[in-house]
Amino acid sequence: MIMADYGVWLINELSLAASDLLNPSKRVSIWYLVSALFFAFTLFLFRYGKKGIGRLKMLFSWRLWWHPSARVDYGLWLCNRLILSLVFPKVITTLGIVTWLMYQLRELGLSPLPVALPDWSVVGLFSLCYFLLDDFSRFGLHWLMHRWSWLWAFHRVHHSAEVLTPFTVLRTHPVEGLLFYGRSLLVQGALVALFVSVFPGQVSLLMIGGVFVVTYVFNVCGANLRHSPVPISYGKTIERWLISPAQHQLHHSVAVEHYDCNFGVVLSIWDRWFRCFQFGSDQQTLRYGTLSALDQASVIGQYVSPFQSIKIRAKKKTATATESRQDSPLA
Ligand SMILES: [Zn+2]
Ligand SMILES: [Zn+2]
């Protein structure tokens, strides 16, 4: 690529990033931000009367939107777009995964159902399976990112946010972005391959229509409030099933009693099953970040830090292994 081509590519990618703000399929689109605000406004008005509206004041403060931590969010969002557009594994597509998995399923002897089910029930079943598998796999990968130290090194970038704004959802290391992209390819590929094998001729892209409805409702009703300074609880009954903004904010808290809780995205049942569930509250006051130098790091610092900490960990491991070999009675 010559210099002029790089310029065109850069302008193109940056304008695509800006257009995300108006794209209703993107979580940070202005439509979802406004609808989330309207949702919070209605809920607080209903719960606390006129006084409740004052709780949203923080959302209109420039101190929040121009906080150094929020500025790093914007920087990571734009830089990640540029990096991922260059290195995304374009060769691996859902179609490629579907073809490979269908071959594997045929080898295992999976064949079409002898009786054809009505189209609507196949669509319903596919949407339900897709929603559950997608949500569970997001929970699972997030849980692993907290459990495995080399994955945590990358996920820490998201947790280093000292203030939460809707753009904090995009504050991720590109390695985490790639892992979640791979997860989504696998989930989509596996389900489409399974359904094409069992219900041939009844599977189309329209099938995930039901899932889009769930995602849409989730985005309207507060997905953007998960990363915001306003704690909103759904009440204990709903929080047993759905993760509220207040519950995700607990996940970001630096307090020891909140460590490793509420990994879920939409459903909270996975957190209950894995015994990492905590209720949220409208009254909670939390401090966010990792309490390390990473919280103040620039965009470049955020990119480099995971590799540095993995290198340090690897060095320590080698040193410990050498020491224990020297201490061994057989040495
Ligand atoms: Zn996390
Ligand atoms: Zn988060």
# chains A, B, ... in the order shown; residues from 1 in each chain; ligands from 1
>>> residues_near_ligand(ligand="ligand 1", cutoff="10 Å", atoms="only C-alpha atoms and all ligand atoms", output="number ranges by chain")
A: 139, 141-146, 152, 155-159, 248, 251-252, 259-264
>>> write_last_selection(atoms="C-alpha atoms", output="mmCIF file, in the first residue's frame")
data_model
loop_
_atom_site.group_PDB
_atom_site.id
_atom_site.type_symbol
_atom_site.label_atom_id
_atom_site.label_comp_id
_atom_site.auth_asym_id
_atom_site.auth_seq_id
_atom_site.Cartn_x
_atom_site.Cartn_y
_atom_site.Cartn_z
ATOM 1 C CA PHE A 139 -20.049 -15.722 30.193
ATOM 2 C CA LEU A 141 -14.932 -16.696 28.022
ATOM 3 C CA HIS A 142 -15.289 -13.748 30.413
ATOM 4 C CA TRP A 143 -14.999 -16.129 33.395
ATOM 5 C CA LEU A 144 -11.842 -17.673 31.907
ATOM 6 C CA MET A 145 -10.374 -14.211 31.349
ATOM 7 C CA HIS A 146 -10.541 -13.663 35.107
ATOM 8 C CA TRP A 152 -6.407 -11.605 32.697
ATOM 9 C CA HIS A 155 -8.814 -8.307 30.151
ATOM 10 C CA ARG A 156 -7.331 -5.965 32.784
ATOM 11 C CA VAL A 157 -7.389 -3.235 30.114
ATOM 12 C CA HIS A 158 -11.203 -3.220 30.301
ATOM 13 C CA HIS A 159 -11.095 -3.194 34.115
ATOM 14 C CA HIS A 248 -22.141 -5.235 36.076
ATOM 15 C CA HIS A 251 -18.094 -6.580 38.529
ATOM 16 C CA HIS A 252 -15.919 -3.475 37.943
ATOM 17 C CA TYR A 259 -13.950 -9.623 43.174
ATOM 18 C CA ASP A 260 -14.907 -12.071 40.438
ATOM 19 C CA CYS A 261 -18.684 -11.654 40.529
ATOM 20 C CA ASN A 262 -21.384 -11.124 37.865
ATOM 21 C CA PHE A 263 -19.637 -12.228 34.662
ATOM 22 C CA GLY A 264 -22.895 -12.538 32.692
#
>>> residues_around(residues="stretch 108-121 of chain A", least_positions_apart="6", cutoff="8 Å", atoms="only C-alpha atoms", output="MDAnalysis selection string")
chainID A and resid 197:200 202
>>> residues_around(residues="stretch 167-184 of chain A", least_positions_apart="5", cutoff="6 Å", atoms="only C-alpha atoms", output="list in words")
Asp73, Leu76, Trp77, Asn80, Phe154, Val157 and His158 of chain A
>>> write_last_selection(atoms="C-alpha atoms", output="PDB file, in the first residue's frame")
ATOM      1  CA  ASP A  73     -11.772   4.633  26.086  1.00  0.00           C
ATOM      2  CA  LEU A  76      -8.786   2.472  22.306  1.00  0.00           C
ATOM      3  CA  TRP A  77     -12.060   2.371  20.389  1.00  0.00           C
ATOM      4  CA  ASN A  80      -8.773  -1.032  17.860  1.00  0.00           C
ATOM      5  CA  PHE A 154      -5.409  -8.625  28.445  1.00  0.00           C
ATOM      6  CA  VAL A 157      -7.389  -3.235  30.114  1.00  0.00           C
ATOM      7  CA  HIS A 158     -11.203  -3.220  30.301  1.00  0.00           C
TER       8      HIS A 158
END
>>> atom_distance(atom1="atom CA of A:Gly96", atom2="atom CA of A:Val196")
14.0 Å
>>> residues_around(residues="stretch 40-47 of chain A", least_positions_apart="3", cutoff="9 Å", atoms="only C-alpha atoms", output="list in words")
Ser35, Ala36, Leu37, Lys50, Lys51, Gly52, Ile53, Arg55, Leu56, Cys221, Gly222, Leu225, Val230 and Ile232 of chain A
>>> select_by_dssp(residues="stretch 152-312 of chain A", states="helix (DSSP H, G or I)", output="count of residues only")
95
